[in-house]
>>> print(open('run.pdb').read())   # PDB, C-alpha atoms
MODEL        1
ATOM      1  CA  MET A 299     -15.653  -3.647   3.610
ATOM      2  CA  ALA A 300     -12.143  -4.196   4.899
ATOM      3  CA  VAL A 301      -9.104  -2.055   4.201
ATOM      4  CA  ASN A 302      -5.895  -4.080   3.970
ATOM      5  CA  TYR A 303      -2.480  -2.440   4.071
ATOM      6  CA  VAL A 304       0.350  -4.500   2.523
ATOM      7  CA  CYS A 305       3.943  -3.787   1.515
ATOM      8  CA  ARG A 306       4.212  -3.378  -2.228
ATOM      9  CA  HIS A 307       7.664  -4.977  -2.259
ATOM     10  CA  CYS A 308       7.550  -7.942   0.130
ATOM     11  CA  ASN A 309       3.734  -8.326   0.454
ATOM     12  CA  MET A 310       3.931  -8.331   4.256
ATOM     13  CA  ALA A 311       0.613  -7.467   5.903
ATOM     14  CA  LEU A 312       0.955  -4.095   7.630
ATOM     15  CA  GLY A 313      -2.541  -3.695   9.018
ATOM     16  CA  ARG A 314      -6.251  -4.155   8.464
ATOM     17  CA  PHE A 315      -9.391  -2.212   9.233
ATOM     18  CA  GLU A 316     -12.613  -4.180   9.267
ATOM     19  CA  ASN A 317     -15.540  -1.849   9.156
ATOM     20  CA  ALA A 318     -18.415  -1.737   6.726
ATOM     21  CA  GLU A 319     -18.521   2.056   6.719
ATOM     22  CA  VAL A 320     -14.958   3.427   6.771
ATOM     23  CA  PRO A 321     -15.135   6.725   4.864
ATOM     24  CA  GLU A 322     -12.177   7.447   2.603
ATOM     25  CA  TYR A 323     -11.625  10.844   4.195
ATOM     26  CA  ARG A 324     -10.854   9.079   7.508
ATOM     27  CA  LEU A 325      -8.122   7.106   5.724
ATOM     28  CA  GLY A 326      -6.580  10.193   4.097
ATOM     29  CA  PHE A 327      -7.106   9.028   0.514
ATOM     30  CA  GLN A 328      -8.283  12.500  -0.499
ATOM     31  CA  PHE A 329      -4.701  13.765  -0.201
ATOM     32  CA  LEU A 330      -3.499  11.447  -2.979
ATOM     33  CA  THR A 331      -3.343  12.520  -6.601
ATOM     34  CA  ASP A 332      -5.220  10.468  -9.193
ATOM     35  CA  GLU A 333      -1.943   8.872 -10.274
ATOM     36  CA  GLU A 334      -1.033   7.966  -6.683
ATOM     37  CA  ARG A 335      -4.495   6.495  -6.104
ATOM     38  CA  LYS A 336      -4.157   4.260  -9.168
ATOM     39  CA  ARG A 337      -0.711   3.083  -8.068
ATOM     40  CA  ILE A 338      -1.444   2.599  -4.360
ATOM     41  CA  ILE A 339      -5.127   1.653  -3.956
ATOM     42  CA  ALA A 340      -6.863  -1.411  -5.403
ATOM     43  CA  TYR A 341     -10.595  -1.971  -5.052
ATOM     44  CA  ASN A 342     -11.356  -5.699  -4.913
ATOM     45  CA  SER A 343     -14.479  -7.350  -6.294
ATOM     46  CA  ASN A 344     -15.597  -8.411  -2.787
ATOM     47  CA  GLY A 345     -15.689  -4.770  -1.657
ATOM     48  CA  ASP A 346     -12.354  -4.820   0.172
ATOM     49  CA  VAL A 347      -9.686  -2.216  -0.478
ATOM     50  CA  THR A 348      -5.973  -3.015  -0.688
ATOM     51  CA  VAL A 349      -3.531  -0.201  -0.007
ATOM     52  CA  ARG A 350       0.019  -0.971  -1.178
ATOM     53  CA  LEU A 351       2.667   0.887   0.851
ATOM     54  CA  ILE A 352       6.293   0.248   1.799
ATOM     55  CA  CYS A 353       7.108  -1.414   5.117
ATOM     56  CA  ASP A 354       9.912  -0.140   7.359
ATOM     57  CA  TYR A 355      12.255  -2.991   6.418
ATOM     58  CA  CYS A 356      11.909  -2.401   2.667
ATOM     59  CA  SER A 357      12.146   1.361   3.120
ATOM     60  CA  GLN A 358      15.372   1.063   5.118
ATOM     61  CA  THR A 359      16.809  -1.412   2.614
ATOM     62  CA  LEU A 360      16.015   0.849  -0.340
ATOM     63  CA  ASP A 361      17.487   3.835   1.501
ATOM     64  CA  ALA A 362      20.695   1.901   2.157
ATOM     65  CA  HIS A 363      20.836   0.420  -1.369
ATOM     66  CA  PRO A 364      19.100   2.820  -3.784
ATOM     67  CA  GLU A 365      20.309   0.814  -6.781
ATOM     68  CA  LEU A 366      17.713  -1.837  -5.872
ATOM     69  CA  ALA A 367      14.981   0.578  -6.968
ATOM     70  CA  LEU A 368      16.116  -0.019 -10.558
ATOM     71  CA  LEU A 369      14.955  -3.641 -10.398
ATOM     72  CA  SER A 370      11.348  -4.504 -11.242
ATOM     73  CA  ASN A 371      10.880  -6.494  -8.014
ATOM     74  CA  PRO A 372      13.810  -5.651  -5.730
ATOM     75  CA  LEU A 373      12.754  -7.146  -2.401
ATOM     76  CA  GLN A 374      10.870 -10.364  -2.902
TER
ENDMDL
END
>>> encode(input="run.pdb", output="structure tokens")
Amino acid sequence: MAVNYVCRHCNMALGRFENAEVPEYRLGFQFLTDEERKRIIAYNSNGDVTVRLICDYCSQTLDAHPELALLSNPLQ
């Protein structure tokens, strides 16, 4: 199983863990609510996990231009 971290706005790869036995508690998933888990974590059919976060660039851009958050896909 691999855990892939990608930006949910620009799809830039942020990091990857490749380990067959990475427990979720080591990744901090237990601190997420059920709603956050559904929005952030995707379990792929091949056993990999994709975690969709916001990269620094997109975060800074949204902070500087909060009106972009109103768009469905603000930072393609």
>>> axis_aligned_box(input="run.pdb", around="range 305-321 of chain A", padding_each_side="8 Å", output="JSON")
{"center_x": -5.4, "center_y": -0.8, "center_z": 3.5, "size_x": 42.2, "size_y": 31.1, "size_z": 27.5}
>>> closest_atom_pairs(input="run.pdb", of="range 319-343 of chain A", to="range 301-315 of chain A", cutoff="12 Å", atoms="all atoms listed in the file", output="tab-separated table")
residue	atom	partner	partner_atom	distance
A:Glu319	CA	A:Phe315	CA	10.4
A:Val320	CA	A:Phe315	CA	8.3
A:Pro321	CA	A:Val301	CA	10.7
A:Glu322	CA	A:Val301	CA	10.1
A:Arg324	CA	A:Phe315	CA	11.5
A:Leu325	CA	A:Val301	CA	9.3
A:Phe327	CA	A:Val301	CA	11.8
A:Arg337	CA	A:Arg306	CA	10.0
A:Ile338	CA	A:Arg306	CA	8.5
A:Ile339	CA	A:Tyr303	CA	9.4
A:Ala340	CA	A:Asn302	CA	9.8
A:Tyr341	CA	A:Val301	CA	9.4
A:Asn342	CA	A:Val301	CA	10.1
>>> atom_distance(input="run.pdb", atom1="CA of Arg350 in chain A", atom2="CA of Ala362 in chain A")
21.1 Å
>>> atom_distance(input="run.pdb", atom1="CA of Asp354 in chain A", atom2="CA of Leu366 in chain A")
15.5 Å
>>> atom_distance(input="run.pdb", atom1="CA of Gly345 in chain A", atom2="CA of Asp332 in chain A")
20.0 Å
>>> closest_residue(input="run.pdb", among="A:Leu360, A:Met299, A:Val349, A:Leu368", to="Gly326 in chain A", atoms="only C-alpha atoms")
A:Val349
>>> closest_residue(input="run.pdb", among="A:Ala300, A:Leu330, A:Ala367, A:Cys356", to="Glu316 in chain A", atoms="only C-alpha atoms")
A:Ala300
>>> build_atoms(input="run.pdb", residues="range 312-339 of chain A", atoms="N, CA and C atoms", output="PDB file, in the coordinates of the input")
ATOM      1  N   LEU A 312       0.599  -5.196   6.732  1.00  0.00           N
ATOM      2  CA  LEU A 312       0.955  -4.095   7.630  1.00  0.00           C
ATOM      3  C   LEU A 312      -0.185  -3.710   8.564  1.00  0.00           C
ATOM      4  N   GLY A 313      -1.402  -4.029   8.178  1.00  0.00           N
ATOM      5  CA  GLY A 313      -2.541  -3.695   9.018  1.00  0.00           C
ATOM      6  C   GLY A 313      -3.840  -3.941   8.290  1.00  0.00           C
ATOM      7  N   ARG A 314      -4.932  -3.889   9.047  1.00  0.00           N
ATOM      8  CA  ARG A 314      -6.251  -4.155   8.464  1.00  0.00           C
ATOM      9  C   ARG A 314      -7.312  -3.447   9.298  1.00  0.00           C
ATOM     10  N   PHE A 315      -8.203  -2.781   8.604  1.00  0.00           N
ATOM     11  CA  PHE A 315      -9.391  -2.212   9.233  1.00  0.00           C
ATOM     12  C   PHE A 315     -10.575  -3.010   8.744  1.00  0.00           C
ATOM     13  N   GLU A 316     -11.392  -3.482   9.662  1.00  0.00           N
ATOM     14  CA  GLU A 316     -12.613  -4.180   9.267  1.00  0.00           C
ATOM     15  C   GLU A 316     -13.793  -3.369   9.764  1.00  0.00           C
ATOM     16  N   ASN A 317     -14.390  -2.673   8.816  1.00  0.00           N
ATOM     17  CA  ASN A 317     -15.540  -1.849   9.156  1.00  0.00           C
ATOM     18  C   ASN A 317     -16.317  -1.623   7.873  1.00  0.00           C
ATOM     19  N   ALA A 318     -17.586  -1.859   7.928  1.00  0.00           N
ATOM     20  CA  ALA A 318     -18.415  -1.737   6.726  1.00  0.00           C
ATOM     21  C   ALA A 318     -18.537  -0.296   6.240  1.00  0.00           C
ATOM     22  N   GLU A 319     -18.301   0.658   7.090  1.00  0.00           N
ATOM     23  CA  GLU A 319     -18.521   2.056   6.719  1.00  0.00           C
ATOM     24  C   GLU A 319     -17.315   2.939   7.043  1.00  0.00           C
ATOM     25  N   VAL A 320     -16.135   2.581   6.570  1.00  0.00           N
ATOM     26  CA  VAL A 320     -14.958   3.427   6.771  1.00  0.00           C
ATOM     27  C   VAL A 320     -14.922   4.446   5.644  1.00  0.00           C
ATOM     28  N   PRO A 321     -15.175   5.725   5.930  1.00  0.00           N
ATOM     29  CA  PRO A 321     -15.135   6.725   4.864  1.00  0.00           C
ATOM     30  C   PRO A 321     -13.691   6.999   4.434  1.00  0.00           C
ATOM     31  N   GLU A 322     -13.510   7.233   3.139  1.00  0.00           N
ATOM     32  CA  GLU A 322     -12.177   7.447   2.603  1.00  0.00           C
ATOM     33  C   GLU A 322     -11.489   8.658   3.224  1.00  0.00           C
ATOM     34  N   TYR A 323     -12.255   9.670   3.604  1.00  0.00           N
ATOM     35  CA  TYR A 323     -11.625  10.844   4.195  1.00  0.00           C
ATOM     36  C   TYR A 323     -10.969  10.511   5.533  1.00  0.00           C
ATOM     37  N   ARG A 324     -11.469   9.501   6.241  1.00  0.00           N
ATOM     38  CA  ARG A 324     -10.854   9.079   7.508  1.00  0.00           C
ATOM     39  C   ARG A 324      -9.532   8.355   7.267  1.00  0.00           C
ATOM     40  N   LEU A 325      -9.349   7.821   6.063  1.00  0.00           N
ATOM     41  CA  LEU A 325      -8.122   7.106   5.724  1.00  0.00           C
ATOM     42  C   LEU A 325      -7.097   8.011   5.054  1.00  0.00           C
ATOM     43  N   GLY A 326      -7.492   9.232   4.699  1.00  0.00           N
ATOM     44  CA  GLY A 326      -6.580  10.193   4.097  1.00  0.00           C
ATOM     45  C   GLY A 326      -6.396  10.041   2.602  1.00  0.00           C
ATOM     46  N   PHE A 327      -7.252   9.248   1.952  1.00  0.00           N
ATOM     47  CA  PHE A 327      -7.106   9.028   0.514  1.00  0.00           C
ATOM     48  C   PHE A 327      -7.296  10.302  -0.295  1.00  0.00           C
ATOM     49  N   GLN A 328      -8.008  11.277   0.252  1.00  0.00           N
ATOM     50  CA  GLN A 328      -8.283  12.500  -0.499  1.00  0.00           C
ATOM     51  C   GLN A 328      -7.013  13.313  -0.747  1.00  0.00           C
ATOM     52  N   PHE A 329      -5.943  13.027  -0.019  1.00  0.00           N
ATOM     53  CA  PHE A 329      -4.701  13.765  -0.201  1.00  0.00           C
ATOM     54  C   PHE A 329      -3.847  13.201  -1.333  1.00  0.00           C
ATOM     55  N   LEU A 330      -4.237  12.069  -1.883  1.00  0.00           N
ATOM     56  CA  LEU A 330      -3.499  11.447  -2.979  1.00  0.00           C
ATOM     57  C   LEU A 330      -3.940  12.015  -4.318  1.00  0.00           C
ATOM     58  N   THR A 331      -3.001  12.125  -5.238  1.00  0.00           N
ATOM     59  CA  THR A 331      -3.343  12.520  -6.601  1.00  0.00           C
ATOM     60  C   THR A 331      -3.995  11.323  -7.292  1.00  0.00           C
ATOM     61  N   ASP A 332      -4.601  11.563  -8.445  1.00  0.00           N
ATOM     62  CA  ASP A 332      -5.220  10.468  -9.193  1.00  0.00           C
ATOM     63  C   ASP A 332      -4.193   9.398  -9.549  1.00  0.00           C
ATOM     64  N   GLU A 333      -2.999   9.822  -9.926  1.00  0.00           N
ATOM     65  CA  GLU A 333      -1.943   8.872 -10.274  1.00  0.00           C
ATOM     66  C   GLU A 333      -1.523   8.037  -9.064  1.00  0.00           C
ATOM     67  N   GLU A 334      -1.393   8.679  -7.915  1.00  0.00           N
ATOM     68  CA  GLU A 334      -1.033   7.966  -6.683  1.00  0.00           C
ATOM     69  C   GLU A 334      -2.131   6.974  -6.297  1.00  0.00           C
ATOM     70  N   ARG A 335      -3.376   7.386  -6.431  1.00  0.00           N
ATOM     71  CA  ARG A 335      -4.495   6.495  -6.104  1.00  0.00           C
ATOM     72  C   ARG A 335      -4.469   5.244  -6.967  1.00  0.00           C
ATOM     73  N   LYS A 336      -4.202   5.410  -8.265  1.00  0.00           N
ATOM     74  CA  LYS A 336      -4.157   4.260  -9.168  1.00  0.00           C
ATOM     75  C   LYS A 336      -3.015   3.316  -8.818  1.00  0.00           C
ATOM     76  N   ARG A 337      -1.888   3.880  -8.374  1.00  0.00           N
ATOM     77  CA  ARG A 337      -0.711   3.083  -8.068  1.00  0.00           C
ATOM     78  C   ARG A 337      -0.799   2.420  -6.692  1.00  0.00           C
ATOM     79  N   ILE A 338      -1.468   3.049  -5.750  1.00  0.00           N
ATOM     80  CA  ILE A 338      -1.444   2.599  -4.360  1.00  0.00           C
ATOM     81  C   ILE A 338      -2.692   1.828  -3.941  1.00  0.00           C
ATOM     82  N   ILE A 339      -3.862   2.210  -4.448  1.00  0.00           N
ATOM     83  CA  ILE A 339      -5.127   1.653  -3.956  1.00  0.00           C
ATOM     84  C   ILE A 339      -5.744   0.725  -4.993  1.00  0.00           C
TER      85      ILE A 339
END
